[in-house]
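Student: One structure, as structure tokens, below. Some questions next.
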Amino acid sequence: MKIAIASDHAGFEAKQQLIRYLTEKGCDVTDFGTNSNESCDYPDFAVKCADSVADKSNDYGILICGTGIGMSICANKVKGIRCANCSEEFSTQMTREHNDANILALGARVITVDKMKKLIDIFLNTPFSNQENHIRRINKITQTENLY
Ligand code: RB5
């Protein structure tokens, strides 16, 4: 599985641990930065990661900032991206089953790295339900996206 990952300074330490975790699980991980704890702007990294998921260079993306919020807002501006900011298991499972989310945003100042690993496992192992009602709703998201 090909995974794109990126963070800002607030998520940098967590990102480094998650890259190791994912690589050990056999994922092919591409790191879009940032590369240190030095203060930076999350949109610079979110867009690079999201672009690589939107153009199918990667299967899924993982974004980490302080709350996960800035990263998710930014990623959701990219056409074809459905990014969910999750901090617990149920929403993480639902966003795959119902929303077919392709990027998971996580908050390094909200949850621990151990919790992130659990959520990532759920996200990567839960298939989209493929149910007609959910397909219809996702198509409406895409139609809305295409208006702008
Ligand atoms: C950086 O201080 C912080 O604002 C950022 O990591 C993120 O939480 C924004 O949503």
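Chains: A, B, ... in order of the structure tokens. Residues: from 1 per chain. Ligands: from 1, in order shown.
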From a DSSP pass on the backbone, collect the residues of chain A flagged as alpha helix (DSSP H) and hand them back as a PyMOL selection string.
Tutor: chain A and resi 12-24+42-54+69-75+89-97+113-125+132-146
Student: Counting only C-alpha atoms and all ligand atoms, which protein, DNA or RNA residues come within 9 Å of ligand 1, given as an MDAnalysis selection string?
Tutor: chainID A and resid 7:11 39:42 64:73 107:109
Student: Put those residues in a file: N, CA, C and O atoms, as an mmCIF file, in the first residue's frame.
Tutor:
data_model
loop_
_atom_site.group_PDB
_atom_site.id
_atom_site.type_symbol
_atom_site.label_atom_id
_atom_site.label_comp_id
_atom_site.auth_asym_id
_atom_site.auth_seq_id
_atom_site.Cartn_x
_atom_site.Cartn_y
_atom_site.Cartn_z
ATOM 1 N N SER A 7 3.394 16.627 7.696
ATOM 2 C CA SER A 7 3.043 17.302 8.947
ATOM 3 C C SER A 7 3.574 18.725 8.907
ATOM 4 O O SER A 7 4.365 19.075 8.020
ATOM 5 N N ASP A 8 3.146 19.519 9.889
ATOM 6 C CA ASP A 8 3.851 20.768 10.158
ATOM 7 C C ASP A 8 4.770 20.516 11.354
ATOM 8 O O ASP A 8 4.969 19.364 11.767
ATOM 9 N N HIS A 9 5.319 21.601 11.928
ATOM 10 C CA HIS A 9 6.254 21.443 13.056
ATOM 11 C C HIS A 9 5.599 20.748 14.251
ATOM 12 O O HIS A 9 6.233 19.953 14.929
ATOM 13 N N ALA A 10 4.296 21.041 14.462
ATOM 14 C CA ALA A 10 3.605 20.461 15.622
ATOM 15 C C ALA A 10 3.457 18.944 15.495
ATOM 16 O O ALA A 10 3.380 18.240 16.498
ATOM 17 N N GLY A 11 3.424 18.462 14.267
ATOM 18 C CA GLY A 11 3.241 17.031 14.044
ATOM 19 C C GLY A 11 4.512 16.309 13.653
ATOM 20 O O GLY A 11 4.483 15.100 13.395
ATOM 21 N N SER A 39 9.222 26.106 13.106
ATOM 22 C CA SER A 39 7.878 26.572 12.770
ATOM 23 C C SER A 39 7.698 26.736 11.257
ATOM 24 O O SER A 39 8.572 27.278 10.570
ATOM 25 N N CYS A 40 6.572 26.248 10.746
ATOM 26 C CA CYS A 40 6.308 26.300 9.305
ATOM 27 C C CYS A 40 4.809 26.422 9.094
ATOM 28 O O CYS A 40 4.040 26.465 10.057
ATOM 29 N N ASP A 41 4.381 26.469 7.840
ATOM 30 C CA ASP A 41 2.967 26.675 7.509
ATOM 31 C C ASP A 41 2.368 25.381 6.965
ATOM 32 O O ASP A 41 2.756 24.899 5.893
ATOM 33 N N TYR A 42 1.375 24.847 7.668
ATOM 34 C CA TYR A 42 0.821 23.535 7.291
ATOM 35 C C TYR A 42 0.285 23.448 5.857
ATOM 36 O O TYR A 42 0.376 22.380 5.250
ATOM 37 N N ILE A 64 -0.597 15.363 9.771
ATOM 38 C CA ILE A 64 -0.547 15.627 11.216
ATOM 39 C C ILE A 64 -0.171 17.089 11.446
ATOM 40 O O ILE A 64 0.854 17.558 10.937
ATOM 41 N N CYS A 65 -0.989 17.789 12.200
ATOM 42 C CA CYS A 65 -0.611 19.105 12.709
ATOM 43 C C CYS A 65 -1.002 19.135 14.186
ATOM 44 O O CYS A 65 -1.219 18.075 14.780
ATOM 45 N N GLY A 66 -1.089 20.317 14.797
ATOM 46 C CA GLY A 66 -1.391 20.371 16.226
ATOM 47 C C GLY A 66 -2.747 19.754 16.540
ATOM 48 O O GLY A 66 -2.881 18.915 17.429
ATOM 49 N N THR A 67 -3.757 20.171 15.783
ATOM 50 C CA THR A 67 -5.121 19.673 15.998
ATOM 51 C C THR A 67 -5.607 18.740 14.900
ATOM 52 O O THR A 67 -6.638 18.075 15.075
ATOM 53 N N GLY A 68 -4.963 18.766 13.754
ATOM 54 C CA GLY A 68 -5.464 18.061 12.564
ATOM 55 C C GLY A 68 -6.425 18.928 11.759
ATOM 56 O O GLY A 68 -6.779 18.591 10.626
ATOM 57 N N ILE A 69 -6.834 20.050 12.345
ATOM 58 C CA ILE A 69 -7.873 20.864 11.689
ATOM 59 C C ILE A 69 -7.334 21.630 10.480
ATOM 60 O O ILE A 69 -7.910 21.564 9.382
ATOM 61 N N GLY A 70 -6.243 22.359 10.666
ATOM 62 C CA GLY A 70 -5.692 23.141 9.548
ATOM 63 C C GLY A 70 -5.334 22.248 8.373
ATOM 64 O O GLY A 70 -5.661 22.550 7.210
ATOM 65 N N MET A 71 -4.700 21.145 8.668
ATOM 66 C CA MET A 71 -4.313 20.187 7.623
ATOM 67 C C MET A 71 -5.549 19.669 6.880
ATOM 68 O O MET A 71 -5.544 19.566 5.651
ATOM 69 N N SER A 72 -6.618 19.350 7.625
ATOM 70 C CA SER A 72 -7.804 18.783 6.967
ATOM 71 C C SER A 72 -8.526 19.838 6.138
ATOM 72 O O SER A 72 -8.971 19.555 5.017
ATOM 73 N N ILE A 73 -8.623 21.058 6.649
ATOM 74 C CA ILE A 73 -9.265 22.126 5.860
ATOM 75 C C ILE A 73 -8.525 22.294 4.541
ATOM 76 O O ILE A 73 -9.130 22.369 3.465
ATOM 77 N N GLY A 107 -4.325 15.034 15.135
ATOM 78 C CA GLY A 107 -3.825 16.153 15.940
ATOM 79 C C GLY A 107 -2.803 15.691 16.964
ATOM 80 O O GLY A 107 -3.140 14.971 17.907
ATOM 81 N N ALA A 108 -1.576 16.156 16.789
ATOM 82 C CA ALA A 108 -0.498 15.732 17.696
ATOM 83 C C ALA A 108 -0.633 16.355 19.083
ATOM 84 O O ALA A 108 -0.020 15.876 20.035
ATOM 85 N N ARG A 109 -1.425 17.433 19.187
ATOM 86 C CA ARG A 109 -1.664 18.043 20.498
ATOM 87 C C ARG A 109 -3.001 17.573 21.083
ATOM 88 O O ARG A 109 -3.454 18.091 22.101
#
Student: Write out as a PyMOL selection string the residues lying within 10 Å of stretch 80-83 of chain A, counting only C-alpha atoms and excluding same-chain residues fewer than 2 positions away.
Tutor: chain A and resi 50-51+53-56+60-63+71-78+85-86+95-96+99-105+138+141-142+145-146
Student: Restrict the selected residues to N, CA and C atoms and save them as a tab-separated table (two decimals), in the first residue's frame.
Tutor:
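Okay, selection-v2.tsv is ready:
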chain	number	residue	atom	x	y	z
A	50	ALA	N	-1.78	15.90	-0.42
A	50	ALA	CA	-3.11	15.71	-1.00
A	50	ALA	C	-3.03	15.56	-2.52
A	51	ASP	N	-2.20	16.34	-3.17
A	51	ASP	CA	-2.03	16.23	-4.63
A	51	ASP	C	-1.64	14.80	-5.01
A	53	VAL	N	-2.29	12.07	-3.52
A	53	VAL	CA	-3.41	11.13	-3.37
A	53	VAL	C	-4.43	11.39	-4.48
A	54	ALA	N	-4.67	12.66	-4.76
A	54	ALA	CA	-5.64	13.01	-5.82
A	54	ALA	C	-5.20	12.48	-7.18
A	55	ASP	N	-3.90	12.52	-7.46
A	55	ASP	CA	-3.44	12.04	-8.79
A	55	ASP	C	-3.10	10.54	-8.76
A	56	LYS	N	-3.45	9.88	-7.64
A	56	LYS	CA	-3.32	8.42	-7.50
A	56	LYS	C	-1.87	7.93	-7.42
A	60	TYR	N	-3.45	6.37	-0.05
A	60	TYR	CA	-4.03	7.14	1.06
A	60	TYR	C	-3.01	8.15	1.56
A	61	GLY	N	-3.54	9.15	2.30
A	61	GLY	CA	-2.66	10.14	2.91
A	61	GLY	C	-2.89	10.23	4.41
A	62	ILE	N	-1.84	10.63	5.12
A	62	ILE	CA	-1.93	10.89	6.55
A	62	ILE	C	-1.30	12.25	6.80
A	63	LEU	N	-2.06	13.13	7.47
A	63	LEU	CA	-1.60	14.49	7.75
A	63	LEU	C	-1.64	14.73	9.25
A	71	MET	N	-4.70	21.15	8.67
A	71	MET	CA	-4.31	20.19	7.62
A	71	MET	C	-5.55	19.67	6.88
A	72	SER	N	-6.62	19.35	7.62
A	72	SER	CA	-7.80	18.78	6.97
A	72	SER	C	-8.53	19.84	6.14
A	73	ILE	N	-8.62	21.06	6.65
A	73	ILE	CA	-9.26	22.13	5.86
A	73	ILE	C	-8.52	22.29	4.54
A	74	CYS	N	-7.23	22.33	4.63
A	74	CYS	CA	-6.40	22.54	3.45
A	74	CYS	C	-6.51	21.38	2.45
A	75	ALA	N	-6.40	20.16	2.94
A	75	ALA	CA	-6.46	18.99	2.06
A	75	ALA	C	-7.80	18.92	1.34
A	76	ASN	N	-8.87	19.32	2.02
A	76	ASN	CA	-10.19	19.24	1.42
A	76	ASN	C	-10.43	20.29	0.33
A	77	LYS	N	-9.48	21.20	0.14
A	77	LYS	CA	-9.56	22.14	-1.00
A	77	LYS	C	-9.09	21.50	-2.30
A	78	VAL	N	-8.41	20.37	-2.18
A	78	VAL	CA	-7.87	19.70	-3.37
A	78	VAL	C	-8.94	18.78	-3.95
A	85	ASN	N	-10.69	14.52	9.83
A	85	ASN	CA	-9.89	14.75	11.03
A	85	ASN	C	-10.49	13.92	12.17
A	86	CYS	N	-9.80	12.90	12.59
A	86	CYS	CA	-10.37	11.95	13.58
A	86	CYS	C	-9.50	11.86	14.83
A	95	THR	N	-15.66	6.98	8.61
A	95	THR	CA	-15.26	7.83	7.48
A	95	THR	C	-14.73	7.01	6.32
A	96	ARG	N	-14.26	5.80	6.58
A	96	ARG	CA	-13.92	4.91	5.48
A	96	ARG	C	-15.19	4.25	4.93
A	99	ASN	N	-17.84	7.61	4.01
A	99	ASN	CA	-17.37	8.76	3.22
A	99	ASN	C	-16.29	8.37	2.21
A	100	ASP	N	-15.81	7.15	2.28
A	100	ASP	CA	-14.67	6.72	1.45
A	100	ASP	C	-13.53	7.75	1.54
A	101	ALA	N	-13.25	8.19	2.78
A	101	ALA	CA	-12.18	9.17	2.99
A	101	ALA	C	-10.86	8.62	2.47
A	102	ASN	N	-10.08	9.50	1.86
A	102	ASN	CA	-8.78	9.06	1.34
A	102	ASN	C	-7.60	9.68	2.08
A	103	ILE	N	-7.89	10.61	2.98
A	103	ILE	CA	-6.82	11.15	3.84
A	103	ILE	C	-7.33	11.21	5.28
A	104	LEU	N	-6.46	10.82	6.21
A	104	LEU	CA	-6.74	10.90	7.64
A	104	LEU	C	-5.89	12.01	8.24
A	105	ALA	N	-6.54	12.97	8.89
A	105	ALA	CA	-5.81	14.05	9.57
A	105	ALA	C	-5.85	13.79	11.08
A	138	ILE	N	-21.56	10.63	-1.93
A	138	ILE	CA	-20.20	10.99	-2.35
A	138	ILE	C	-20.23	11.63	-3.74
A	141	ILE	N	-20.98	15.15	-3.35
A	141	ILE	CA	-19.80	15.93	-2.93
A	141	ILE	C	-18.98	16.29	-4.18
A	142	THR	N	-18.78	15.28	-5.03
A	142	THR	CA	-17.99	15.49	-6.24
A	142	THR	C	-18.66	16.53	-7.16
A	145	GLU	N	-18.04	19.90	-5.73
A	145	GLU	CA	-16.64	20.26	-5.98
A	145	GLU	C	-16.45	20.77	-7.40
A	146	ASN	N	-17.16	20.15	-8.35
A	146	ASN	CA	-16.99	20.51	-9.75
A	146	ASN	C	-17.66	21.84	-10.10
Student: What residues in stretch 4-136 of chain A get the DSSP label strand (DSSP E)? Please answer as a list in words.
Tutor: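 Strand (DSSP E) members of stretch 4-136 of chain A, listed: Ala4, Ile5, Ala6, Ser7, Asp28, Val29, Thr30, Asp31, Tyr60, Gly61, Ile62, Leu63, Ile64, Cys65, Cys83, Ala84, Asn85, Ile103, Leu104, Ala105, Leu106 and Gly107 of chain A.
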Student: Take the selection from the previous step and output its residues with all heavy atoms, as a compact mmCIF listing (two decimals), in the first residue's frame.
Tutor:
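Heads up, here's the output in part21.txt:
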# COMPACT_ATOMS: atom_id res chain seq x y z
N ALA A 4 1.04 8.48 1.49
CA ALA A 4 1.65 9.81 1.54
C ALA A 4 1.47 10.34 2.95
O ALA A 4 0.41 10.19 3.56
CB ALA A 4 0.95 10.73 0.55
N ILE A 5 2.50 10.97 3.49
CA ILE A 5 2.41 11.52 4.86
C ILE A 5 3.04 12.90 4.89
O ILE A 5 3.99 13.17 4.14
CB ILE A 5 3.08 10.55 5.88
CG1 ILE A 5 2.69 10.90 7.30
CG2 ILE A 5 4.58 10.49 5.70
CD1 ILE A 5 3.03 9.80 8.32
N ALA A 6 2.49 13.78 5.71
CA ALA A 6 3.06 15.12 5.87
C ALA A 6 2.62 15.68 7.21
O ALA A 6 1.60 15.27 7.76
CB ALA A 6 2.63 16.04 4.73
N SER A 7 3.39 16.63 7.70
CA SER A 7 3.04 17.30 8.95
C SER A 7 3.57 18.72 8.91
O SER A 7 4.37 19.08 8.02
CB SER A 7 3.69 16.59 10.14
OG SER A 7 5.07 16.88 10.20
N ASP A 28 4.63 1.42 1.58
CA ASP A 28 5.57 2.22 0.81
C ASP A 28 5.22 3.70 1.12
O ASP A 28 4.22 4.21 0.64
CB ASP A 28 5.36 1.88 -0.68
CG ASP A 28 6.23 2.68 -1.60
OD1 ASP A 28 7.00 3.53 -1.12
OD2 ASP A 28 6.11 2.46 -2.83
N VAL A 29 6.04 4.33 1.96
CA VAL A 29 5.69 5.65 2.51
C VAL A 29 6.47 6.76 1.81
O VAL A 29 7.70 6.69 1.70
CB VAL A 29 5.99 5.72 4.03
CG1 VAL A 29 5.55 7.05 4.61
CG2 VAL A 29 5.29 4.57 4.76
N THR A 30 5.75 7.79 1.35
CA THR A 30 6.40 8.99 0.81
C THR A 30 6.17 10.14 1.78
O THR A 30 5.03 10.46 2.12
CB THR A 30 5.83 9.35 -0.58
OG1 THR A 30 6.00 8.22 -1.45
CG2 THR A 30 6.56 10.55 -1.16
N ASP A 31 7.26 10.74 2.23
CA ASP A 31 7.22 11.82 3.22
C ASP A 31 7.30 13.17 2.50
O ASP A 31 8.30 13.48 1.87
CB ASP A 31 8.41 11.63 4.17
CG ASP A 31 8.48 12.69 5.25
OD1 ASP A 31 7.56 13.54 5.34
OD2 ASP A 31 9.47 12.67 6.02
N TYR A 60 -3.45 6.37 -0.05
CA TYR A 60 -4.03 7.14 1.06
C TYR A 60 -3.01 8.15 1.56
O TYR A 60 -1.80 7.99 1.34
CB TYR A 60 -4.43 6.22 2.22
CG TYR A 60 -5.52 5.25 1.86
CD1 TYR A 60 -5.23 3.90 1.66
CD2 TYR A 60 -6.85 5.66 1.74
CE1 TYR A 60 -6.23 2.99 1.32
CE2 TYR A 60 -7.85 4.76 1.40
CZ TYR A 60 -7.53 3.44 1.20
OH TYR A 60 -8.52 2.54 0.86
N GLY A 61 -3.54 9.15 2.30
CA GLY A 61 -2.66 10.14 2.91
C GLY A 61 -2.89 10.23 4.41
O GLY A 61 -3.99 9.95 4.90
N ILE A 62 -1.84 10.63 5.12
CA ILE A 62 -1.93 10.89 6.55
C ILE A 62 -1.30 12.25 6.80
O ILE A 62 -0.17 12.52 6.35
CB ILE A 62 -1.21 9.80 7.37
CG1 ILE A 62 -1.93 8.47 7.17
CG2 ILE A 62 -1.17 10.17 8.86
CD1 ILE A 62 -1.18 7.26 7.66
N LEU A 63 -2.06 13.13 7.47
CA LEU A 63 -1.60 14.49 7.75
C LEU A 63 -1.64 14.73 9.25
O LEU A 63 -2.62 14.37 9.91
CB LEU A 63 -2.51 15.50 7.04
CG LEU A 63 -2.45 15.50 5.52
CD1 LEU A 63 -3.57 16.36 4.93
CD2 LEU A 63 -1.09 16.03 5.04
N ILE A 64 -0.60 15.36 9.77
CA ILE A 64 -0.55 15.63 11.22
C ILE A 64 -0.17 17.09 11.45
O ILE A 64 0.85 17.56 10.94
CB ILE A 64 0.49 14.73 11.94
CG1 ILE A 64 0.36 13.28 11.51
CG2 ILE A 64 0.34 14.84 13.46
CD1 ILE A 64 1.55 12.74 10.78
N CYS A 65 -0.99 17.79 12.20
CA CYS A 65 -0.61 19.11 12.71
C CYS A 65 -1.00 19.14 14.19
O CYS A 65 -1.22 18.08 14.78
CB CYS A 65 -1.23 20.24 11.90
SG CYS A 65 -3.03 20.33 11.92
N CYS A 83 -10.89 14.32 3.18
CA CYS A 83 -10.01 14.20 4.35
C CYS A 83 -10.83 14.31 5.62
O CYS A 83 -11.64 15.23 5.77
CB CYS A 83 -8.96 15.31 4.30
SG CYS A 83 -7.90 15.35 5.76
N ALA A 84 -10.63 13.37 6.54
CA ALA A 84 -11.34 13.38 7.82
C ALA A 84 -10.36 13.57 8.97
O ALA A 84 -9.34 12.88 9.04
CB ALA A 84 -12.11 12.08 8.00
N ASN A 85 -10.69 14.52 9.83
CA ASN A 85 -9.89 14.75 11.03
C ASN A 85 -10.49 13.92 12.17
O ASN A 85 -11.59 14.21 12.62
CB ASN A 85 -9.93 16.25 11.37
CG ASN A 85 -9.12 16.60 12.60
OD1 ASN A 85 -8.25 15.84 13.02
ND2 ASN A 85 -9.40 17.75 13.17
N ILE A 103 -7.89 10.61 2.98
CA ILE A 103 -6.82 11.15 3.84
C ILE A 103 -7.33 11.21 5.28
O ILE A 103 -8.47 11.61 5.53
CB ILE A 103 -6.34 12.55 3.38
CG1 ILE A 103 -5.75 12.48 1.97
CG2 ILE A 103 -5.32 13.11 4.37
CD1 ILE A 103 -5.09 13.76 1.50
N LEU A 104 -6.46 10.82 6.21
CA LEU A 104 -6.74 10.90 7.64
C LEU A 104 -5.89 12.01 8.24
O LEU A 104 -4.66 12.01 8.08
CB LEU A 104 -6.39 9.56 8.30
CG LEU A 104 -6.54 9.46 9.81
CD1 LEU A 104 -8.00 9.62 10.24
CD2 LEU A 104 -5.97 8.13 10.32
N ALA A 105 -6.54 12.97 8.89
CA ALA A 105 -5.81 14.05 9.57
C ALA A 105 -5.85 13.79 11.08
O ALA A 105 -6.88 13.40 11.64
CB ALA A 105 -6.44 15.40 9.25
N LEU A 106 -4.71 14.01 11.72
CA LEU A 106 -4.56 13.70 13.14
C LEU A 106 -3.95 14.89 13.88
O LEU A 106 -3.14 15.63 13.30
CB LEU A 106 -3.63 12.48 13.29
CG LEU A 106 -4.09 11.20 12.59
CD1 LEU A 106 -2.94 10.20 12.49
CD2 LEU A 106 -5.28 10.58 13.32
N GLY A 107 -4.32 15.03 15.14
CA GLY A 107 -3.83 16.15 15.94
C GLY A 107 -2.80 15.69 16.96
O GLY A 107 -3.14 14.97 17.91
Student: I'd like to know which of A:Thr34, A:Asp44, A:Tyr21, A:Asn58 is closest to A:Ile3, using only C-alpha atoms.
Tutor: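 The shortest atom-to-atom distance to A:Ile3 comes from A:Asn58.
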Student: Excluding same-chain residues fewer than 4 positions from A:Thr126, what lies within 7 Å of it counting only C-alpha atoms, as a CSV table (one decimal) with N, CA and C atoms, in the first residue's frame?
Tutor:
chain,number,residue,atom,x,y,z
A,93,GLN,N,-13.5,4.6,11.6
A,93,GLN,CA,-14.1,3.5,10.8
A,93,GLN,C,-15.2,4.0,9.9
A,96,ARG,N,-14.3,5.8,6.6
A,96,ARG,CA,-13.9,4.9,5.5
A,96,ARG,C,-15.2,4.3,4.9
A,97,GLU,N,-16.0,3.7,5.8
A,97,GLU,CA,-17.2,3.0,5.4
A,97,GLU,C,-18.2,3.9,4.7
A,122,ILE,N,-7.1,1.2,11.7
A,122,ILE,CA,-8.5,1.2,11.4
A,122,ILE,C,-8.7,1.8,10.0
Student: Counting only C-alpha atoms, which of A:Ala14, A:Ile135, A:Ile19, A:Leu124 gets nearest to A:Ile111?
Tutor: A:Ala14
Student: Using atom CA of A:Glu13 and atom CA of A:Lys79 as the two end points, give the distance in Å to one decimal.
Tutor: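 Interatomic distance, atom CA of A:Glu13 to atom CA of A:Lys79: 28.7 Å.
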